[in-house]
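Q: Next comes the structure file query35.txt, holding compact mmCIF, C-alpha atoms and all ligand atoms.
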# COMPACT_ATOMS: atom_id res chain seq x y z
CA MET X 1263 0.00 0.00 0.00
CA LYS X 1264 1.16 3.51 -0.85
CA PRO X 1265 2.39 5.45 2.23
CA ILE X 1266 -0.14 7.98 3.47
CA SER X 1267 0.30 11.58 2.36
CA ARG X 1268 0.28 14.23 5.06
CA VAL X 1269 -0.85 17.85 4.72
CA ALA X 1270 -0.36 20.84 7.03
CA ALA X 1271 -3.64 22.73 6.61
CA ILE X 1272 -3.47 26.39 7.66
CA HIS X 1273 -7.04 27.73 7.54
CA ASP X 1274 -9.66 29.08 9.91
CA LEU X 1275 -12.21 26.87 11.61
CA SER X 1276 -15.69 28.23 11.02
CA GLY X 1277 -18.19 26.46 13.27
CA TYR X 1278 -21.11 26.86 10.90
CA GLY X 1279 -21.34 27.47 7.20
CA ARG X 1280 -19.25 24.84 5.38
CA CYS X 1281 -15.91 26.45 4.55
CA SER X 1282 -12.20 26.21 5.40
CA LEU X 1283 -11.21 23.40 7.83
CA SER X 1284 -14.78 22.07 7.99
CA VAL X 1285 -14.38 21.33 4.27
CA VAL X 1286 -10.63 20.70 3.98
CA TYR X 1287 -10.61 17.99 6.65
CA PRO X 1288 -13.36 15.69 5.33
CA VAL X 1289 -12.20 16.02 1.72
CA LEU X 1290 -8.58 15.14 2.43
CA SER X 1291 -9.53 12.40 4.89
CA VAL X 1292 -11.89 10.65 2.50
CA MET X 1293 -9.15 10.80 -0.14
CA GLY X 1294 -6.93 8.86 2.25
CA ILE X 1295 -4.73 11.84 3.18
CA GLN X 1296 -3.76 12.78 6.73
CA CYS X 1297 -4.79 16.36 7.51
CA CYS X 1298 -2.94 18.19 10.31
CA SER X 1299 -4.62 21.47 11.15
CA LEU X 1300 -3.06 24.75 12.17
CA PRO X 1301 -6.15 26.95 12.73
CA THR X 1302 -5.70 30.64 11.96
CA ALA X 1303 -8.89 31.69 13.75
CA TYR X 1304 -12.07 30.28 15.21
CA LEU X 1305 -15.30 31.86 13.98
CA SER X 1306 -18.80 30.88 15.10
CA THR X 1307 -19.83 31.08 11.42
CA HIS X 1308 -18.07 32.25 8.28
CA THR X 1309 -18.02 35.99 7.64
CA GLY X 1310 -21.12 35.86 5.45
CA PHE X 1311 -23.46 35.67 8.47
CA GLU X 1312 -24.25 38.71 10.66
CA GLY X 1313 -22.67 38.84 14.14
CA PHE X 1314 -20.00 36.12 13.81
CA THR X 1315 -17.48 35.73 16.65
CA PHE X 1316 -13.77 35.79 15.79
CA LEU X 1317 -10.92 34.38 17.88
CA ASP X 1318 -7.52 35.19 16.36
CA MET X 1319 -5.12 32.25 16.75
CA THR X 1320 -1.92 34.09 15.73
CA ALA X 1321 -0.25 33.64 19.15
CA GLU X 1322 -0.64 29.85 19.00
CA MET X 1323 0.78 29.32 15.53
CA ARG X 1324 4.56 29.74 15.93
CA PRO X 1325 4.64 27.52 19.06
CA ALA X 1326 2.60 24.86 17.23
CA ILE X 1327 4.98 24.93 14.23
CA LYS X 1328 7.95 24.72 16.61
CA HIS X 1329 6.45 21.65 18.24
CA TRP X 1330 5.85 20.00 14.87
CA LEU X 1331 9.47 20.69 13.94
CA GLN X 1332 10.69 19.24 17.25
CA ARG X 1333 8.64 16.14 16.46
CA GLU X 1334 10.32 16.08 13.02
CA LEU X 1335 6.97 15.90 11.25
CA ALA X 1336 7.32 15.80 7.48
CA PHE X 1337 4.57 17.08 5.17
CA ASP X 1338 3.82 16.35 1.53
CA ALA X 1339 2.09 19.69 1.26
CA VAL X 1340 1.62 22.92 3.18
CA TYR X 1341 -1.81 24.25 2.24
CA SER X 1342 -2.95 27.70 3.37
CA GLY X 1343 -6.26 29.54 3.03
CA PHE X 1344 -8.16 32.13 5.12
CA LEU X 1345 -5.79 33.99 7.46
CA GLY X 1346 -6.67 35.88 10.64
CA SER X 1347 -4.03 38.65 10.82
CA VAL X 1348 -1.28 40.29 8.81
CA GLU X 1349 1.37 38.59 10.99
CA GLN X 1350 0.04 35.19 9.88
CA ILE X 1351 1.25 35.93 6.36
CA ASP X 1352 4.84 35.86 7.68
CA ILE X 1353 4.06 32.80 9.79
CA VAL X 1354 2.81 30.83 6.77
CA CYS X 1355 5.90 31.89 4.77
CA GLU X 1356 8.08 30.61 7.63
CA ALA X 1357 6.15 27.33 7.79
CA ILE X 1358 6.61 26.75 4.05
CA ASP X 1359 10.31 27.51 4.39
CA LYS X 1360 10.83 25.28 7.44
CA PHE X 1361 8.89 22.29 6.12
CA LYS X 1362 10.40 22.55 2.63
CA ARG X 1363 11.92 19.29 1.41
CA PRO X 1364 12.19 17.69 -2.03
CA GLY X 1365 8.71 16.97 -3.40
CA MET X 1366 6.88 19.05 -0.80
CA LEU X 1367 4.18 21.16 -2.41
CA SER X 1368 3.25 24.63 -1.18
CA ILE X 1369 -0.27 25.42 -2.24
CA VAL X 1370 -1.58 28.87 -1.37
CA ASP X 1371 -5.23 29.79 -1.75
CA PRO X 1372 -4.87 33.59 -1.36
CA VAL X 1373 -8.32 33.92 0.25
CA MET X 1374 -9.18 37.62 0.43
CA GLY X 1375 -12.61 38.20 -1.07
CA ASP X 1376 -15.20 37.52 -3.73
CA HIS X 1377 -17.16 39.46 -6.36
CA GLY X 1378 -14.75 42.39 -6.05
CA VAL X 1379 -15.31 42.78 -2.29
CA PRO X 1380 -12.73 41.81 0.42
CA TYR X 1381 -14.03 39.63 3.29
CA ARG X 1382 -14.92 41.69 6.37
CA THR X 1383 -11.87 40.68 8.44
CA TYR X 1384 -9.36 41.38 5.63
CA THR X 1385 -7.59 44.73 6.08
CA PRO X 1386 -5.97 46.61 3.14
CA GLU X 1387 -2.56 45.75 4.70
CA MET X 1388 -3.38 42.03 4.63
CA CYS X 1389 -4.42 42.27 0.98
CA THR X 1390 -1.18 44.07 0.06
CA ARG X 1391 1.03 41.62 1.97
CA MET X 1392 -0.68 38.58 0.50
CA SER X 1393 1.56 38.93 -2.58
CA VAL X 1394 4.53 38.02 -0.35
CA LEU X 1395 2.89 34.71 0.53
CA ALA X 1396 1.88 34.19 -3.10
CA GLY X 1397 5.60 34.42 -3.89
CA ALA X 1398 6.25 31.34 -1.74
CA ALA X 1399 3.65 29.19 -3.53
CA ASP X 1400 4.32 26.35 -5.96
CA ILE X 1401 0.60 26.52 -6.80
CA LEU X 1402 -1.59 29.57 -6.36
CA THR X 1403 -5.40 29.28 -6.62
CA PRO X 1404 -7.02 32.75 -6.66
CA ASN X 1405 -10.50 33.70 -7.81
CA LEU X 1406 -10.81 36.80 -10.01
CA THR X 1407 -11.19 39.16 -7.03
CA GLU X 1408 -7.99 37.85 -5.45
CA ALA X 1409 -6.15 37.83 -8.78
CA ALA X 1410 -7.05 41.51 -9.29
CA ILE X 1411 -5.68 42.39 -5.84
CA LEU X 1412 -2.45 40.41 -6.43
CA LEU X 1413 -1.92 42.00 -9.84
CA GLY X 1414 -2.75 45.52 -8.62
CA GLN X 1415 -5.65 45.73 -11.09
CA ARG X 1416 -9.21 46.90 -10.61
CA TYR X 1417 -11.78 44.10 -10.38
CA GLU X 1418 -13.91 46.10 -12.81
CA ASP X 1419 -11.11 45.70 -15.38
CA ARG X 1420 -11.06 41.89 -15.10
CA PRO X 1421 -10.71 40.05 -18.43
CA ASN X 1422 -13.92 39.31 -20.29
CA ASP X 1423 -12.45 36.97 -22.91
CA GLU X 1424 -10.16 33.93 -22.92
CA THR X 1425 -7.11 35.74 -24.29
CA GLY X 1426 -7.30 38.33 -21.52
CA THR X 1427 -7.86 35.59 -18.93
CA MET X 1428 -4.72 33.75 -20.03
CA GLN X 1429 -2.77 37.02 -19.82
CA TRP X 1430 -3.79 37.31 -16.17
CA VAL X 1431 -2.77 33.69 -15.60
CA GLU X 1432 0.61 34.39 -17.19
CA ALA X 1433 1.13 37.53 -15.09
CA LEU X 1434 0.23 35.60 -11.91
CA SER X 1435 2.70 32.84 -12.82
CA LYS X 1436 5.59 35.34 -12.70
CA ASN X 1437 7.07 34.25 -16.03
CA GLY X 1438 6.22 30.60 -15.56
CA LYS X 1439 7.81 30.26 -12.11
CA ARG X 1440 4.70 28.92 -10.37
CA SER X 1441 1.53 27.04 -11.30
CA ILE X 1442 -1.77 28.93 -11.30
CA VAL X 1443 -5.40 27.89 -11.11
CA LEU X 1444 -7.62 30.95 -11.62
CA THR X 1445 -11.21 30.08 -10.74
CA GLY X 1446 -14.60 31.60 -11.53
CA ILE X 1447 -14.09 32.27 -15.26
CA THR X 1448 -17.41 33.25 -16.87
CA THR X 1449 -16.43 34.00 -20.46
CA ARG X 1450 -18.83 31.33 -21.81
CA GLU X 1451 -22.59 31.58 -21.41
CA GLY X 1452 -23.96 29.06 -18.88
CA GLN X 1453 -20.51 27.74 -17.98
CA ILE X 1454 -17.92 28.30 -15.26
CA GLY X 1455 -14.24 27.71 -15.84
CA ALA X 1456 -10.84 27.42 -14.21
CA ALA X 1457 -7.89 28.78 -16.19
CA TYR X 1458 -4.60 27.12 -15.35
CA TYR X 1459 -0.92 27.13 -16.05
CA ASP X 1460 1.22 24.13 -15.08
CA ALA X 1461 4.77 25.27 -14.38
CA THR X 1462 6.02 21.66 -14.30
CA ASN X 1463 5.30 21.06 -18.00
CA ASN X 1464 4.64 24.56 -19.33
CA THR X 1465 1.04 23.88 -20.40
CA ALA X 1466 -2.00 26.13 -20.01
CA ASP X 1467 -5.72 25.85 -20.72
CA ILE X 1468 -9.20 26.66 -19.40
CA HIS X 1469 -11.45 23.88 -18.16
CA PHE X 1470 -15.19 24.63 -18.30
CA GLU X 1471 -18.12 22.91 -16.60
CA SER X 1472 -21.80 23.80 -16.75
CA PHE X 1473 -22.75 26.48 -14.24
CA VAL X 1474 -25.60 25.39 -11.99
CA GLY X 1475 -27.92 27.89 -10.37
CA GLN X 1476 -25.79 30.11 -8.18
CA GLU X 1477 -22.46 30.43 -6.37
CA TYR X 1478 -22.14 29.13 -2.82
CA HIS X 1479 -19.93 30.04 0.13
CA GLY X 1480 -16.86 27.84 0.58
CA THR X 1481 -16.73 26.47 -2.95
CA GLY X 1482 -13.15 27.79 -3.28
CA ASP X 1483 -12.10 25.72 -0.25
CA LEU X 1484 -13.85 22.65 -1.61
CA TYR X 1485 -12.27 23.19 -5.02
CA THR X 1486 -8.70 23.63 -3.81
CA SER X 1487 -8.95 20.71 -1.37
CA VAL X 1488 -10.04 18.30 -4.13
CA LEU X 1489 -7.34 19.78 -6.38
CA LEU X 1490 -4.67 19.14 -3.75
CA GLY X 1491 -5.95 15.65 -2.93
CA SER X 1492 -5.86 14.77 -6.63
CA LEU X 1493 -2.33 16.11 -7.03
CA LEU X 1494 -1.18 14.05 -4.05
CA HIS X 1495 -2.68 11.02 -5.79
CA GLY X 1496 -0.34 11.73 -8.69
CA LEU X 1497 -2.66 13.47 -11.15
CA PRO X 1498 -1.10 16.20 -13.29
CA LEU X 1499 -2.50 19.69 -12.73
CA ALA X 1500 -4.85 19.39 -15.74
CA GLY X 1501 -6.37 16.18 -14.30
CA ALA X 1502 -6.63 17.69 -10.82
CA VAL X 1503 -8.41 20.77 -12.24
CA ARG X 1504 -10.86 18.47 -14.01
CA ALA X 1505 -11.49 16.38 -10.87
CA ALA X 1506 -12.06 19.47 -8.70
CA SER X 1507 -14.29 21.15 -11.30
CA VAL X 1508 -16.47 18.06 -11.76
CA PHE X 1509 -16.84 17.46 -8.01
CA VAL X 1510 -17.76 21.08 -7.23
CA ARG X 1511 -20.22 21.10 -10.15
CA ASP X 1512 -21.89 17.92 -8.85
CA CYS X 1513 -22.15 19.35 -5.31
CA ALA X 1514 -23.47 22.70 -6.57
CA SER X 1515 -26.02 20.88 -8.69
CA LEU X 1516 -27.31 18.86 -5.73
CA THR X 1517 -27.39 21.97 -3.52
CA TRP X 1518 -29.33 23.88 -6.16
CA GLU X 1519 -31.87 21.06 -6.57
CA GLU X 1520 -32.41 21.01 -2.79
CA GLY X 1521 -32.85 24.81 -2.68
CA THR X 1522 -30.21 25.28 0.05
CA PRO X 1523 -29.44 29.01 0.68
CA MET X 1524 -26.01 30.10 -0.63
CA GLN X 1525 -24.70 31.04 2.85
CA GLU X 1526 -24.99 27.40 3.95
CA GLY X 1527 -22.33 26.39 1.43
CA VAL X 1528 -22.43 23.43 -0.92
CA ARG X 1529 -23.88 20.15 0.28
CA PHE X 1530 -20.71 18.14 -0.27
CA GLU X 1531 -21.33 15.55 2.48
CA ALA X 1532 -23.73 13.50 0.37
CA LEU X 1533 -21.17 13.15 -2.43
CA LEU X 1534 -17.94 12.65 -0.46
CA TRP X 1535 -18.02 8.94 -1.28
CA LYS X 1536 -17.12 9.80 -4.87
CA LEU X 1537 -13.76 11.16 -3.70
CA GLY X 1538 -13.28 8.06 -1.54
CA GLN X 1539 -13.35 5.91 -4.67
CA HIS X 1540 -10.51 7.99 -5.98
CA GLY X 1541 -8.51 7.50 -2.79
CA LEU X 1542 -9.00 3.73 -2.79
CA ASP X 1543 -8.03 3.34 -6.43
CA SER X 1544 -4.44 4.47 -6.04
O1 LIG Z 1 -14.36 30.22 1.81
C1 LIG Z 1 -13.60 31.29 2.16
C2 LIG Z 1 -13.79 31.69 3.59
C3 LIG Z 1 -13.00 31.10 4.56
N1 LIG Z 1 -13.13 31.42 5.86
C4 LIG Z 1 -14.04 32.34 6.26
C5 LIG Z 1 -14.86 32.97 5.33
C6 LIG Z 1 -14.75 32.63 3.96
C7 LIG Z 1 -15.63 33.25 2.98
O2 LIG Z 1 -16.57 33.93 3.27
O3 LIG Z 1 -15.75 33.87 5.75
C8 LIG Z 1 -14.16 32.66 7.71
As structure tokens, how would this structure be written, given the file I've shared?
Ligand code: PXL
A:
Amino acid sequence: MKPISRVAAIHDLSGYGRCSLSVVYPVLSVMGIQCCSLPTAYLSTHTGFEGFTFLDMTAEMRPAIKHWLQRELAFDAVYSGFLGSVEQIDIVCEAIDKFKRPGMLSIVDPVMGDHGVPYRTYTPEMCTRMSVLAGAADILTPNLTEAAILLGQRYEDRPNDETGTMQWVEALSKNGKRSIVLTGITTREGQIGAAYYDATNNTADIHFESFVGQEYHGTGDLYTSVLLGSLLHGLPLAGAVRAASVFVRDCASLTWEEGTPMQEGVRFEALLWKLGQHGLDS
């Protein structure tokens, strides 16, 4: 049997609302991957609900990393998402640096906002500094809002055709130095796409799936978790993009049919078994 892959997952824990660790953990686990969490914050719900509580975990993070290093834990990937303070950007950079070893993947989801609007806890300083963390990533998975912030462009000036989209992907890749998966591409009627560049084999394309109903909270976390799980199972980036796109489409479709409100996130639980098949196959 293949040795188990292990991921250091640096995200918030939102008690209610299906995002971040509440999504990352089940997805990686069902894919047969060990998930070790380093929570950036605890929130009663994600930031899309009124009145959420927010406990910043910054003070706990360096001691936790130190302990992991003392234990000589080795990770196949360091995977970061929603961060709770500007200092955490440096902490994640340090973690990537300290856990770096041949074959270790750093995958950074530069979570900052959606539809041109930063999330409520993200300060302008955090958004500016996020480009430092992006610089440490082997794979960066922004949506169009985050891509605009990283490129210093206005969201209103986002590309509206495939040529322009690929120019943004190229600019994000810093001359082909890192792989990019740019999500939420809506250049085709009734479809949603992910534009990608694979720095390991210099290939780029856009993968489209049918767009069902509406967008849901936490789909970015679901998407990147399936992407990472697939990569750790040995799929090339193109195959991982396909796997993540198909799974998120299936979950969104089920959620739409059930009429679940968008704040609740996508109903992935009912379909997790599909990812389990993938884990057992390899
Ligand atoms: O899915 C991104 C995300 C992660 N964590 C928190 C959020 C959001 C998006 O709203 O609020 C707390």
Q: Under the rule that only C-alpha atoms are counted, which of X:Leu1402, X:Ala1410, X:Val1286, X:Ala1457 is the nearest residue to Glu1424 in chain X?
A: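 Of X:Leu1402, X:Ala1410, X:Val1286, X:Ala1457, the one nearest Glu1424 in chain X is X:Ala1457, counting only C-alpha atoms.
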Q: Would you list the residues that come within 6 Å of ligand LIG 1 (chain Z)? Count all atoms listed in the file and give the answer as a PyMOL selection string.
A: chain X and resi 1274+1276+1281-1282+1308-1310+1344+1479-1480+1482-1483
Q: Rank X:Leu1345, X:Val1528, X:Leu1283, X:Ala1321 by their smallest atom-to-atom distance to Tyr1381 in chain X, using all atoms listed in the file, and report the top residue only.
A: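 Ranked by minimum distance to Tyr1381 in chain X, first place goes to X:Leu1345.
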Q: For Ala1506 in chain X, which of X:Gln1453, X:Val1289, X:Trp1330, X:Met1366 is the closest residue, counting all atoms listed in the file?
A: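 When distances to Ala1506 in chain X are compared using all atoms listed in the file, the smallest one comes from X:Val1289.
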Q: Near range 1502-1505 of chain X, counting all atoms listed in the file, which residues have an atom at most 9 Å away, once you skip same-chain residues fewer than 5 positions from it, shown as a PyMOL selection string?
A: chain X and resi 1443+1456-1458+1469-1471+1485-1486+1488-1493+1496-1497+1510
Q: Skipping near chain neighbours, those fewer than 3 positions away, what residues fall within 10 Å of Gly1527 in chain X using only C-alpha atoms, listed as number ranges by chain?
A: X: 1278-1281, 1285, 1308, 1477-1481, 1484, 1513-1514, 1517, 1522-1524, 1530
Q: Because the input lacks atoms here, generate N, CA, C and O atoms for range 1294-1313 of chain X and report them as a PDB file, in the coordinates of the input.
A:
ATOM      1  N   GLY X1294      -7.985   9.685   1.677  1.00  0.00           N
ATOM      2  CA  GLY X1294      -6.930   8.860   2.250  1.00  0.00           C
ATOM      3  C   GLY X1294      -5.687   9.653   2.640  1.00  0.00           C
ATOM      4  O   GLY X1294      -4.591   9.101   2.768  1.00  0.00           O
ATOM      5  N   ILE X1295      -5.872  10.964   2.858  1.00  0.00           N
ATOM      6  CA  ILE X1295      -4.730  11.840   3.180  1.00  0.00           C
ATOM      7  C   ILE X1295      -4.850  12.328   4.614  1.00  0.00           C
ATOM      8  O   ILE X1295      -5.950  12.704   5.058  1.00  0.00           O
ATOM      9  N   GLN X1296      -3.741  12.328   5.331  1.00  0.00           N
ATOM     10  CA  GLN X1296      -3.760  12.780   6.730  1.00  0.00           C
ATOM     11  C   GLN X1296      -3.726  14.309   6.774  1.00  0.00           C
ATOM     12  O   GLN X1296      -2.809  14.922   6.218  1.00  0.00           O
ATOM     13  N   CYS X1297      -4.694  14.895   7.437  1.00  0.00           N
ATOM     14  CA  CYS X1297      -4.790  16.360   7.510  1.00  0.00           C
ATOM     15  C   CYS X1297      -4.405  16.817   8.913  1.00  0.00           C
ATOM     16  O   CYS X1297      -5.020  16.405   9.896  1.00  0.00           O
ATOM     17  N   CYS X1298      -3.376  17.649   9.018  1.00  0.00           N
ATOM     18  CA  CYS X1298      -2.940  18.190  10.310  1.00  0.00           C
ATOM     19  C   CYS X1298      -3.273  19.679  10.318  1.00  0.00           C
ATOM     20  O   CYS X1298      -2.762  20.427   9.491  1.00  0.00           O
ATOM     21  N   SER X1299      -4.130  20.101  11.254  1.00  0.00           N
ATOM     22  CA  SER X1299      -4.620  21.470  11.150  1.00  0.00           C
ATOM     23  C   SER X1299      -3.853  22.449  12.011  1.00  0.00           C
ATOM     24  O   SER X1299      -3.469  22.154  13.149  1.00  0.00           O
ATOM     25  N   LEU X1300      -3.634  23.614  11.455  1.00  0.00           N
ATOM     26  CA  LEU X1300      -3.060  24.750  12.170  1.00  0.00           C
ATOM     27  C   LEU X1300      -4.077  25.880  11.998  1.00  0.00           C
ATOM     28  O   LEU X1300      -4.030  26.629  11.028  1.00  0.00           O
ATOM     29  N   PRO X1301      -5.057  25.971  12.927  1.00  0.00           N
ATOM     30  CA  PRO X1301      -6.150  26.950  12.730  1.00  0.00           C
ATOM     31  C   PRO X1301      -5.651  28.388  12.865  1.00  0.00           C
ATOM     32  O   PRO X1301      -4.882  28.702  13.779  1.00  0.00           O
ATOM     33  N   THR X1302      -6.103  29.227  11.943  1.00  0.00           N
ATOM     34  CA  THR X1302      -5.700  30.640  11.960  1.00  0.00           C
ATOM     35  C   THR X1302      -6.662  31.481  12.811  1.00  0.00           C
ATOM     36  O   THR X1302      -6.302  32.556  13.274  1.00  0.00           O
ATOM     37  N   ALA X1303      -7.877  30.986  12.953  1.00  0.00           N
ATOM     38  CA  ALA X1303      -8.890  31.690  13.750  1.00  0.00           C
ATOM     39  C   ALA X1303     -10.048  30.737  13.983  1.00  0.00           C
ATOM     40  O   ALA X1303     -10.218  29.777  13.236  1.00  0.00           O
ATOM     41  N   TYR X1304     -10.806  30.991  15.064  1.00  0.00           N
ATOM     42  CA  TYR X1304     -12.070  30.280  15.210  1.00  0.00           C
ATOM     43  C   TYR X1304     -13.189  31.301  15.043  1.00  0.00           C
ATOM     44  O   TYR X1304     -13.178  32.362  15.687  1.00  0.00           O
ATOM     45  N   LEU X1305     -14.125  30.997  14.175  1.00  0.00           N
ATOM     46  CA  LEU X1305     -15.300  31.860  13.980  1.00  0.00           C
ATOM     47  C   LEU X1305     -16.546  31.013  14.254  1.00  0.00           C
ATOM     48  O   LEU X1305     -16.567  29.816  13.948  1.00  0.00           O
ATOM     49  N   SER X1306     -17.565  31.637  14.845  1.00  0.00           N
ATOM     50  CA  SER X1306     -18.800  30.880  15.100  1.00  0.00           C
ATOM     51  C   SER X1306     -19.444  30.468  13.781  1.00  0.00           C
ATOM     52  O   SER X1306     -19.998  29.376  13.664  1.00  0.00           O
ATOM     53  N   THR X1307     -19.365  31.376  12.785  1.00  0.00           N
ATOM     54  CA  THR X1307     -19.830  31.080  11.420  1.00  0.00           C
ATOM     55  C   THR X1307     -18.827  31.751  10.478  1.00  0.00           C
ATOM     56  O   THR X1307     -17.997  32.539  10.932  1.00  0.00           O
ATOM     57  N   HIS X1308     -18.929  31.481   9.194  1.00  0.00           N
ATOM     58  CA  HIS X1308     -18.070  32.250   8.280  1.00  0.00           C
ATOM     59  C   HIS X1308     -18.536  33.699   8.243  1.00  0.00           C
ATOM     60  O   HIS X1308     -19.559  34.055   8.866  1.00  0.00           O
ATOM     61  N   THR X1309     -17.780  34.530   7.544  1.00  0.00           N
ATOM     62  CA  THR X1309     -18.020  35.990   7.640  1.00  0.00           C
ATOM     63  C   THR X1309     -19.259  36.438   6.857  1.00  0.00           C
ATOM     64  O   THR X1309     -19.585  37.624   6.869  1.00  0.00           O
ATOM     65  N   GLY X1310     -19.922  35.509   6.210  1.00  0.00           N
ATOM     66  CA  GLY X1310     -21.120  35.860   5.450  1.00  0.00           C
ATOM     67  C   GLY X1310     -22.383  35.961   6.297  1.00  0.00           C
ATOM     68  O   GLY X1310     -23.435  36.377   5.808  1.00  0.00           O
ATOM     69  N   PHE X1311     -22.301  35.538   7.568  1.00  0.00           N
ATOM     70  CA  PHE X1311     -23.460  35.670   8.470  1.00  0.00           C
ATOM     71  C   PHE X1311     -23.252  36.890   9.370  1.00  0.00           C
ATOM     72  O   PHE X1311     -22.122  37.179   9.773  1.00  0.00           O
ATOM     73  N   GLU X1312     -24.329  37.568   9.735  1.00  0.00           N
ATOM     74  CA  GLU X1312     -24.250  38.710  10.660  1.00  0.00           C
ATOM     75  C   GLU X1312     -23.818  38.247  12.046  1.00  0.00           C
ATOM     76  O   GLU X1312     -24.244  37.191  12.495  1.00  0.00           O
ATOM     77  N   GLY X1313     -22.958  39.034  12.714  1.00  0.00           N
ATOM     78  CA  GLY X1313     -22.670  38.840  14.140  1.00  0.00           C
ATOM     79  C   GLY X1313     -21.726  37.707  14.473  1.00  0.00           C
ATOM     80  O   GLY X1313     -21.683  37.259  15.623  1.00  0.00           O
TER      81      GLY X1313
END
